[in-house]
Amino acid sequence: MIKNEEYIVEVIDINANGGGVAKYEGMAVFIPGAVPGDVAKVKIIKVAKSYAVGKLLELVEASEHRAEPPCVYAAKCGGCVAQHIKYEFQLKYKQKQVKDCLERIGKIREVEVLPTIAMENPIHYRNKAQYPIREVDGKIQIGFYAAKSHQVVDIEDCVIGNQKNGAIVDAIRKFLKDNKISIYNEATHKGLARHLVIRNSINFDEAMVCLVINGKKLPHAQDLVERLRAIPGITGILLNHNTAKGNVILAEQTTTLDGRDYIMDKIGELTFKISLLSFFQVNPVQTKVLYDIALGVAALTGSETVLDAYCGIGTISLFLAKEAKRVVGVEAIPQAVANANENAQINGIANVEFVLGNAEDVVLGEKFDVVVVDPPRKGCEEDFLKTIVANAPAKMVYISCDPATLARDVKFMYENGYVVNKVQPVDMFPYTSHVETCVLLSRLTT
C-alpha cells in the first residue's frame, strides 16, 4: 500500500480500540470509525512494515452493524469510540476481544467466554466526569479531549454522563468568563482553572463539584458557590490545588468551599461514602451485576477467610463479607483505607479488616481460602502473583478492566497450577471499547 493513496476495502474485523480492520493484499489496514461489514473508500495515512492506517473517506456499502451515534459530538470527542456500532454488536465484539486475548496472550485454548452482559439502559450511566478546561482564541472550552490529542472538544452535554452535569458545566463556564478567571495553559504552565471534576450519586440526589486550580486561591469563590447552589442536588463544592506540571488531574490538597467533601451512594443494599480521591466504579448499576457474579463464582460457604487485594474503599470486601467468615481488604492509599473502615461501620459489617500496605506483605502472614483481585489497568505485579501461588488459595476471582493484562496474569496462574473455570464479560462502559471481565481460577490438586 502507498501512503496518501486511496483504496476500496472490505472491513472484516474490529480491534481493541473499536476501529475497523480490513485486509489488502495480505496487509492489515486499521480504520477508525469503520465497522465489520463496511465496504469503504479509505485514504492511507500511515504505512508500517506489517500494517497500514487508513482514514475513512466514504462508505461504499454500510454494514448492518452500523448505527447512528446518539451523541452530536461523537465524530470529534475521543471518549466514546463505539457510538457508530449497534449496541448488540458492541457486546459481541467485547466478548470476542476477551476470548482473543486469552487465546493469543494467555495461551488458554478452547476457553469458553460467556456472552457479555448488557446494560438495560446504556446511557447517562457515568457517575464521574473529568473535564479539562482550556482557552482557544479567547473562548473558554470545557469538554473532553479529541482522539489521540489534548485538544478539548467543547461539550454542553454528554450522552453517557449524568444528566445534571450539563447545568454544572454551563454554570462553571459562565463563572469563569464573567469573572475573567485565567485559564490554564499546558505549554506555559500559566493560568488558574485547569479541570472540572464532578461526582454524582445515582441513588441519592447528590453531586460533588470540584474545580481544579493551578494555585492556592480562587478569586470570587463566593460567587461560584452561589451560582452552583442554584442547581438542585449539589451537596459539596470543592477546590483542588494542583500546581504540578503533567497530566495528573487531582493533587492531594483540597479545600471545601461549601457543603460536604463527600457524597453517598449505594451498590445493592450497601451504602458507601465516596470522597474526591476515592476509587468507585463509574457505573454502579453494572457494578452490582459484576459483584453478584464475583460473589456467585466464589461460592462462599461462611467458613472461608478471603483476601480482597486492591480493595479501594471496600466495595467488594463488604459484598464478600456477607457470605464469608472473615475478609481482609488491602489497599496502598491511606484515604481509601479510612473510607473503607467508615463504610464497614455505615453498613454494620464487623467481619472485615482493612489493612494499609502491599497485598503481598499481608499474604505472607496468613493463609487464605479465596483471593479476589480487582487491579488497575496495568494488572497485577508478578511478585504479587508469585506470593498468591505460594499461599495456594483454592480459588482466585480476578476482576479486570483490561483483557490484555488479564490474559497475561491468567497465563501466569495457569502455568502455576490454576485452571480457568469461568469467564464472564460485563459491559460496564457502553459505547466505549472497554470491557470488565470476571474470571474464576481454581487450584488443581495433585
# chains A, B, ... in the order shown; residues from 1 in each chain; ligands from 1
$ residues_around --residues "range 115-130 of chain A" --least-positions-apart "5" --cutoff "8 Å" --atoms "only C-alpha atoms" --output "ChimeraX atom specification"
/A:91-92,94-95,144,158-163,195-202,282-286,424-428,430
$ select_by_dssp --residues "range 229-373 of chain A" --states "alpha helix (DSSP H)" --output "number ranges by chain"
A: 229, 284-298, 315-321, 334-346, 359-363
$ residues_around --residues "range 358-373 of chain A" --least-positions-apart "3" --cutoff "9 Å" --atoms "only C-alpha atoms" --output "PyMOL selection string"
chain A and resi 294+298+300+304-311+316-317+328-332+355+380+383-388+390-400
$ atom_distance --atom1 "CA of Tyr184 in chain A" --atom2 "CA of Pro376 in chain A"
28.8 Å
$ select_by_dssp --residues "range 249-393 of chain A" --states "strand (DSSP E or B)" --output "ChimeraX atom specification"
/A:254-259,262-267,270-275,305-309,326-331,352-356,370-373
$ residues_around --residues "range 29-36 of chain A" --least-positions-apart "3" --cutoff "10 Å" --atoms "only C-alpha atoms" --output "ChimeraX atom specification"
/A:1,9-15,17-24,26,39-40,42-44,46-47,50-56,59,62-67,75,81-86,89
$ write_last_selection --atoms "N, CA and C atoms" --output "short mmCIF file (atom, residue, chain, number, x, y, z; two decimals), in the first residue's frame"
data_model
loop_
_atom_site.label_atom_id
_atom_site.label_comp_id
_atom_site.auth_asym_id
_atom_site.auth_seq_id
_atom_site.Cartn_x
_atom_site.Cartn_y
_atom_site.Cartn_z
N MET A 1 0.85 -1.19 0.00
CA MET A 1 0.00 0.00 0.00
C MET A 1 0.89 1.25 0.00
N VAL A 9 -11.77 -1.01 0.35
CA VAL A 9 -11.51 -2.19 1.17
C VAL A 9 -12.79 -2.67 1.84
N GLU A 10 -12.80 -3.95 2.20
CA GLU A 10 -13.91 -4.51 2.98
C GLU A 10 -13.44 -4.73 4.41
N VAL A 11 -14.19 -4.21 5.36
CA VAL A 11 -13.84 -4.32 6.78
C VAL A 11 -14.31 -5.67 7.29
N ILE A 12 -13.38 -6.44 7.88
CA ILE A 12 -13.70 -7.82 8.26
C ILE A 12 -13.61 -8.07 9.76
N ASP A 13 -13.04 -7.11 10.51
CA ASP A 13 -12.85 -7.35 11.94
C ASP A 13 -12.84 -6.01 12.66
N ILE A 14 -12.67 -6.08 13.98
CA ILE A 14 -12.63 -4.88 14.81
C ILE A 14 -11.50 -5.04 15.81
N ASN A 15 -10.79 -3.95 16.10
CA ASN A 15 -9.65 -4.07 17.01
C ASN A 15 -10.02 -3.63 18.42
N ASN A 17 -9.40 -1.08 20.05
CA ASN A 17 -9.74 0.34 20.20
C ASN A 17 -11.07 0.69 19.55
N GLY A 18 -11.80 -0.30 19.06
CA GLY A 18 -13.11 -0.05 18.46
C GLY A 18 -13.06 0.33 17.01
N GLY A 19 -11.88 0.27 16.38
CA GLY A 19 -11.76 0.61 14.97
C GLY A 19 -11.87 -0.61 14.09
N GLY A 20 -12.20 -0.39 12.80
CA GLY A 20 -12.34 -1.49 11.87
C GLY A 20 -10.99 -1.99 11.38
N VAL A 21 -10.97 -3.26 10.95
CA VAL A 21 -9.76 -3.88 10.40
C VAL A 21 -10.12 -4.47 9.04
N ALA A 22 -9.34 -4.09 8.02
CA ALA A 22 -9.50 -4.66 6.69
C ALA A 22 -8.20 -5.35 6.30
N LYS A 23 -8.25 -6.13 5.25
CA LYS A 23 -7.05 -6.75 4.70
C LYS A 23 -6.93 -6.34 3.23
N TYR A 24 -5.72 -5.93 2.83
CA TYR A 24 -5.48 -5.58 1.43
C TYR A 24 -4.17 -6.22 1.00
N GLY A 26 -2.96 -8.99 1.80
CA GLY A 26 -2.30 -9.59 2.96
C GLY A 26 -1.90 -8.64 4.06
N VAL A 39 -18.01 -1.69 3.38
CA VAL A 39 -17.12 -1.57 2.23
C VAL A 39 -16.83 -0.08 2.11
N ALA A 40 -15.55 0.29 2.21
CA ALA A 40 -15.22 1.70 2.41
C ALA A 40 -14.10 2.16 1.50
N VAL A 42 -10.92 4.41 1.57
CA VAL A 42 -10.04 4.94 2.61
C VAL A 42 -8.81 5.58 1.98
N LYS A 43 -8.28 6.55 2.68
CA LYS A 43 -7.00 7.17 2.30
C LYS A 43 -5.95 6.69 3.29
N ILE A 44 -4.86 6.14 2.80
CA ILE A 44 -3.81 5.60 3.66
C ILE A 44 -2.98 6.75 4.23
N LYS A 46 -0.77 6.15 7.00
CA LYS A 46 0.45 5.61 7.58
C LYS A 46 0.68 4.21 7.02
N VAL A 47 1.92 3.92 6.70
CA VAL A 47 2.29 2.59 6.23
C VAL A 47 3.47 2.09 7.05
N SER A 50 4.11 -4.14 8.62
CA SER A 50 3.10 -5.20 8.57
C SER A 50 1.66 -4.69 8.60
N TYR A 51 1.49 -3.37 8.65
CA TYR A 51 0.12 -2.85 8.69
C TYR A 51 0.10 -1.43 8.13
N ALA A 52 -1.12 -0.96 7.89
CA ALA A 52 -1.33 0.42 7.46
C ALA A 52 -2.50 1.00 8.24
N VAL A 53 -2.58 2.34 8.26
CA VAL A 53 -3.69 3.02 8.90
C VAL A 53 -4.40 3.85 7.83
N GLY A 54 -5.71 3.69 7.77
CA GLY A 54 -6.48 4.40 6.76
C GLY A 54 -7.49 5.37 7.37
N LYS A 55 -7.76 6.45 6.66
CA LYS A 55 -8.80 7.40 7.05
C LYS A 55 -10.05 7.11 6.23
N LEU A 56 -11.16 6.94 6.92
CA LEU A 56 -12.42 6.63 6.24
C LEU A 56 -12.91 7.86 5.46
N LEU A 59 -18.36 5.65 2.63
CA LEU A 59 -18.92 4.31 2.73
C LEU A 59 -19.50 3.92 1.38
N ALA A 62 -22.67 0.30 3.60
CA ALA A 62 -22.67 0.35 5.07
C ALA A 62 -22.98 -1.01 5.67
N SER A 63 -22.29 -1.33 6.76
CA SER A 63 -22.51 -2.59 7.47
C SER A 63 -23.87 -2.60 8.15
N GLU A 64 -24.42 -3.80 8.31
CA GLU A 64 -25.66 -3.96 9.06
C GLU A 64 -25.46 -3.66 10.54
N HIS A 65 -24.20 -3.66 10.98
CA HIS A 65 -23.89 -3.39 12.39
C HIS A 65 -23.67 -1.90 12.68
N ARG A 66 -23.76 -1.08 11.66
CA ARG A 66 -23.52 0.35 11.83
C ARG A 66 -24.76 1.04 12.38
N ALA A 67 -24.53 2.04 13.27
CA ALA A 67 -25.64 2.78 13.89
C ALA A 67 -25.38 4.27 13.79
N ALA A 75 -18.21 12.38 16.47
CA ALA A 75 -17.18 12.42 15.44
C ALA A 75 -15.90 13.11 15.91
N VAL A 81 -15.70 5.69 21.50
CA VAL A 81 -15.25 5.34 20.15
C VAL A 81 -16.18 4.35 19.45
N ALA A 82 -17.20 3.85 20.16
CA ALA A 82 -18.05 2.81 19.57
C ALA A 82 -19.49 3.27 19.36
N GLN A 83 -19.73 4.58 19.31
CA GLN A 83 -21.10 5.05 19.15
C GLN A 83 -21.67 4.74 17.77
N HIS A 84 -20.80 4.49 16.80
CA HIS A 84 -21.26 4.19 15.45
C HIS A 84 -21.59 2.71 15.27
N ILE A 85 -21.52 1.94 16.36
CA ILE A 85 -21.76 0.50 16.30
C ILE A 85 -23.03 0.16 17.08
N LYS A 86 -23.90 -0.65 16.50
CA LYS A 86 -25.12 -1.06 17.21
C LYS A 86 -24.74 -1.73 18.52
N PHE A 89 -23.96 -5.44 18.74
CA PHE A 89 -22.68 -5.85 18.17
C PHE A 89 -21.51 -5.41 19.07
#
$ closest_residue --among "A:Ala207, A:Gln151, A:Met27, A:Leu228" --to "Ala171 in chain A" --atoms "only C-alpha atoms"
A:Leu228
$ residues_around --residues "range 401-414 of chain A" --least-positions-apart "5" --cutoff "6 Å" --atoms "only C-alpha atoms" --output "ChimeraX atom specification"
/A:98,101-102,105-106,377,379,419,435-436
$ write_last_selection --atoms "C-alpha atoms" --output "compact mmCIF listing (two decimals), in the first residue's frame"
# COMPACT_ATOMS: atom_id res chain seq x y z
CA VAL A 98 -11.71 -11.12 25.80
CA CYS A 101 -6.66 -12.04 24.39
CA LEU A 102 -6.99 -15.20 26.49
CA ILE A 105 -1.69 -13.70 25.07
CA GLY A 106 -2.80 -16.16 27.72
CA ARG A 377 -5.49 -1.42 34.11
CA GLY A 379 -2.83 -5.70 36.05
CA VAL A 419 -7.29 -23.70 35.78
CA VAL A 435 -14.97 -4.21 28.95
CA GLU A 436 -14.93 -5.56 32.50
$ residues_around --residues "Ile155 in chain A" --least-positions-apart "2" --cutoff "7 Å" --atoms "only C-alpha atoms" --output "CSV table (one decimal) with all heavy atoms, in the first residue's frame"
chain,number,residue,atom,x,y,z
A,142,ILE,N,-14.8,23.7,27.8
A,142,ILE,CA,-14.9,22.7,28.8
A,142,ILE,C,-15.5,21.5,28.2
A,142,ILE,O,-16.6,21.5,27.6
A,142,ILE,CB,-15.8,23.2,30.0
A,142,ILE,CG1,-15.3,24.5,30.5
A,142,ILE,CG2,-15.8,22.1,31.1
A,142,ILE,CD1,-16.1,25.1,31.7
A,143,GLY,N,-14.8,20.4,28.2
A,143,GLY,CA,-15.3,19.2,27.5
A,143,GLY,C,-14.3,18.0,27.7
A,143,GLY,O,-13.8,17.8,28.8
A,153,VAL,N,-12.6,19.2,23.1
A,153,VAL,CA,-13.9,19.4,22.3
A,153,VAL,C,-14.9,20.0,23.3
A,153,VAL,O,-15.2,19.4,24.3
A,153,VAL,CB,-14.4,18.0,21.8
A,153,VAL,CG1,-15.7,18.2,21.1
A,153,VAL,CG2,-13.4,17.4,20.9
A,157,ASP,N,-23.3,18.8,26.7
A,157,ASP,CA,-24.0,17.6,27.4
A,157,ASP,C,-23.3,16.4,26.9
A,157,ASP,O,-22.9,16.3,25.7
A,157,ASP,CB,-25.5,17.6,27.1
A,157,ASP,CG,-26.2,16.6,28.0
A,157,ASP,OD1,-25.7,16.3,29.1
A,157,ASP,OD2,-27.3,16.2,27.6
$ atom_distance --atom1 "CA of Thr255 in chain A" --atom2 "CA of Arg227 in chain A"
17.9 Å
